[in-house]
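Down below is the structure, laid out as structure tokens.
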Amino acid sequence: MDEWIRQAELWGRQAEAWIRQQPPEQIYVAAAVVALTVLVLIAASCLKSSKPNTIVLSGLSGSGKTTLFYQLRDGSSHQGTVTSMEENNDTFVLHSEKERKGKVKPVHIIDVPGHPRLKPKLDEVLPKAAGVVLVVDAQDFLSSMQAAAEYLYDILTKASVVKKRVPVLIFCNKTDKVTAHSKEFIKKQLEKEINKLRESRKAISSADISDEVQLGVPGEAFNFSQCQNKVTVAEGAGLTGNVSAVEQFIRDYVEA
């Protein structure tokens, strides 16, 4: 230990002697470079830590959001969880990645209840989202099509979603059922319904929709490619564990 102390003292004296030999201007420049480097590293660290890792599961009641939440977390449907009026909010490593070698970063997932009374909760969590999954009931789609389109319209025109380019996945759930509609059919019908909504809401004054962003291209029929943020459509079945499309979406936008 004494040898280490003597060596440290020697290095200190040598550094002091070298500094005394340098012009003052050079010392100032070196100090400025060191300070700037430290500031850049601190800023980069802050930006990295502030990157959102929250995925919001949204959609109408009964679409299968809660079942999807448990499949992602536990690899189990929990026997087809009943519709919940309480949000599920947890941070965890995806069940499919628990056996993965090396360290895997967890993801924060919020399952927002779809009851109309609880819509303010969705508005509250959207600004925190790295991605939004809209769960659609592919089996019972026609009876809920208009309501699902209105729900999606509200998300796609939300300023906090558009300005941050938050990606949206439309997950057509329950496609394991024989009577389920295909993702292509659901996509086309939602685009048609949103086009109707866009036209009908033109009469609403901007004062009433101050938090909304204009959707689509004026004079053209609406399609999802016109959105400023990326919108994709996939299919699967939460009840049977076919949720790979959602897992891939999560890892596309939340670092593993």
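Labeling convention for the structure tokens: chains A, B, ... as they appear, residues from 1 per chain, ligands from 1 in order of appearance.
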Go through stretch 165-196 of chain A residue by residue and, counting only C-alpha atoms, keep those with an atom at most 10 Å from stretch 229-245 of chain A; for each kept residue give the shortest atom pair and its distance in Å to one decimal, ordered by chain and increasing number, as a tab-separated table.
residue	atom	partner	partner_atom	distance
A:Arg165	CA	A:Asn229	CA	4.4
A:Val166	CA	A:Asn229	CA	5.9
A:Pro167	CA	A:Lys230	CA	4.9
A:Val168	CA	A:Val231	CA	4.8
A:Leu169	CA	A:Thr232	CA	5.0
A:Ile170	CA	A:Val233	CA	4.7
A:Phe171	CA	A:Ala234	CA	5.1
A:Cys172	CA	A:Glu235	CA	4.4
A:Asn173	CA	A:Ala237	CA	5.0
A:Lys174	CA	A:Ala237	CA	4.5
A:Thr175	CA	A:Gly236	CA	5.7
A:Asp176	CA	A:Ala237	CA	6.0
A:Lys177	CA	A:Ala237	CA	8.7
A:His181	CA	A:Glu235	CA	9.9
A:Ser182	CA	A:Glu235	CA	7.9
A:Lys183	CA	A:Glu235	CA	6.1
A:Glu184	CA	A:Val233	CA	8.2
A:Ile186	CA	A:Val233	CA	8.9
A:Lys187	CA	A:Val233	CA	7.0
Using the selection just defined, write its residues with C-alpha atoms as a PDB file, in the first residue's frame.
ATOM      1  CA  ARG A 165     -44.763  10.374 -33.834  1.00  0.00           C
ATOM      2  CA  VAL A 166     -45.993   7.683 -31.431  1.00  0.00           C
ATOM      3  CA  PRO A 167     -46.448   4.440 -33.423  1.00  0.00           C
ATOM      4  CA  VAL A 168     -49.810   2.681 -33.280  1.00  0.00           C
ATOM      5  CA  LEU A 169     -50.469  -1.049 -33.742  1.00  0.00           C
ATOM      6  CA  ILE A 170     -54.018  -2.158 -34.515  1.00  0.00           C
ATOM      7  CA  PHE A 171     -54.073  -5.694 -33.093  1.00  0.00           C
ATOM      8  CA  CYS A 172     -56.943  -7.756 -34.518  1.00  0.00           C
ATOM      9  CA  ASN A 173     -57.586 -10.117 -31.621  1.00  0.00           C
ATOM     10  CA  LYS A 174     -59.486 -13.434 -31.495  1.00  0.00           C
ATOM     11  CA  THR A 175     -58.538 -14.422 -35.055  1.00  0.00           C
ATOM     12  CA  ASP A 176     -58.390 -18.037 -33.869  1.00  0.00           C
ATOM     13  CA  LYS A 177     -62.184 -18.047 -34.132  1.00  0.00           C
ATOM     14  CA  HIS A 181     -62.683 -11.139 -39.800  1.00  0.00           C
ATOM     15  CA  SER A 182     -59.274 -10.795 -41.444  1.00  0.00           C
ATOM     16  CA  LYS A 183     -56.919  -7.948 -40.659  1.00  0.00           C
ATOM     17  CA  GLU A 184     -57.225  -6.701 -44.252  1.00  0.00           C
ATOM     18  CA  ILE A 186     -60.766  -4.698 -40.550  1.00  0.00           C
ATOM     19  CA  LYS A 187     -58.162  -2.243 -41.853  1.00  0.00           C
TER      20      LYS A 187
END
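Residues surrounding A:Lys192 within 12 Å are Met145, Gln146, Ala149, Glu150, Tyr153, Phe185, Ile186, Lys187, Lys188, Gln189, Asn195, Lys196, Leu197, Arg198, Glu199, Glu220, Ala221, Phe222, Asn223 and Phe224 of chain A [only C-alpha atoms; sequence separation below 3 positions excluded].
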Problem - Contacts of A:Ile250 at 10 Å (only C-alpha atoms; same-chain gap of 5+ positions) as a list in words - result: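 The contact residues come out as Asn53, Thr54, Ile55, Leu94, Val107, Ile109, Ala130, Gly131, Val132, Val133, Leu169, Ser244, Ala245, Glu255 and Ala256 of chain A.
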Problem - Within 12 Å of A:Tyr70 using only C-alpha atoms, minus same-chain residues under 5 positions, as a PyMOL selection string - result: chain A and resi 57+64-65+75-82+88-90+92+94-96+109-111+238-241+243
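Put simply, atom CA of A:Lys98 is 24.7 Å away from atom CA of A:Ser58.
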Practice task
Identify all residues of stretch 121-151 of chain A in strand (DSSP E) (DSSP on the backbone) and supply them as a ChimeraX atom specification.
Solution key: /A:129-137
Got time to write the residues from that selection, C-alpha atoms, as a compact mmCIF listing (two decimals), in the first residue's frame?
# COMPACT_ATOMS: atom_id res chain seq x y z
CA ALA A 129 -46.27 6.27 -24.53
CA ALA A 130 -43.48 4.85 -26.68
CA GLY A 131 -46.19 2.97 -28.58
CA VAL A 132 -49.94 2.36 -28.52
CA VAL A 133 -51.66 -0.97 -29.17
CA LEU A 134 -55.33 -0.71 -30.10
CA VAL A 135 -56.96 -4.10 -29.51
CA VAL A 136 -59.90 -4.86 -31.81
CA ASP A 137 -62.30 -7.80 -31.43
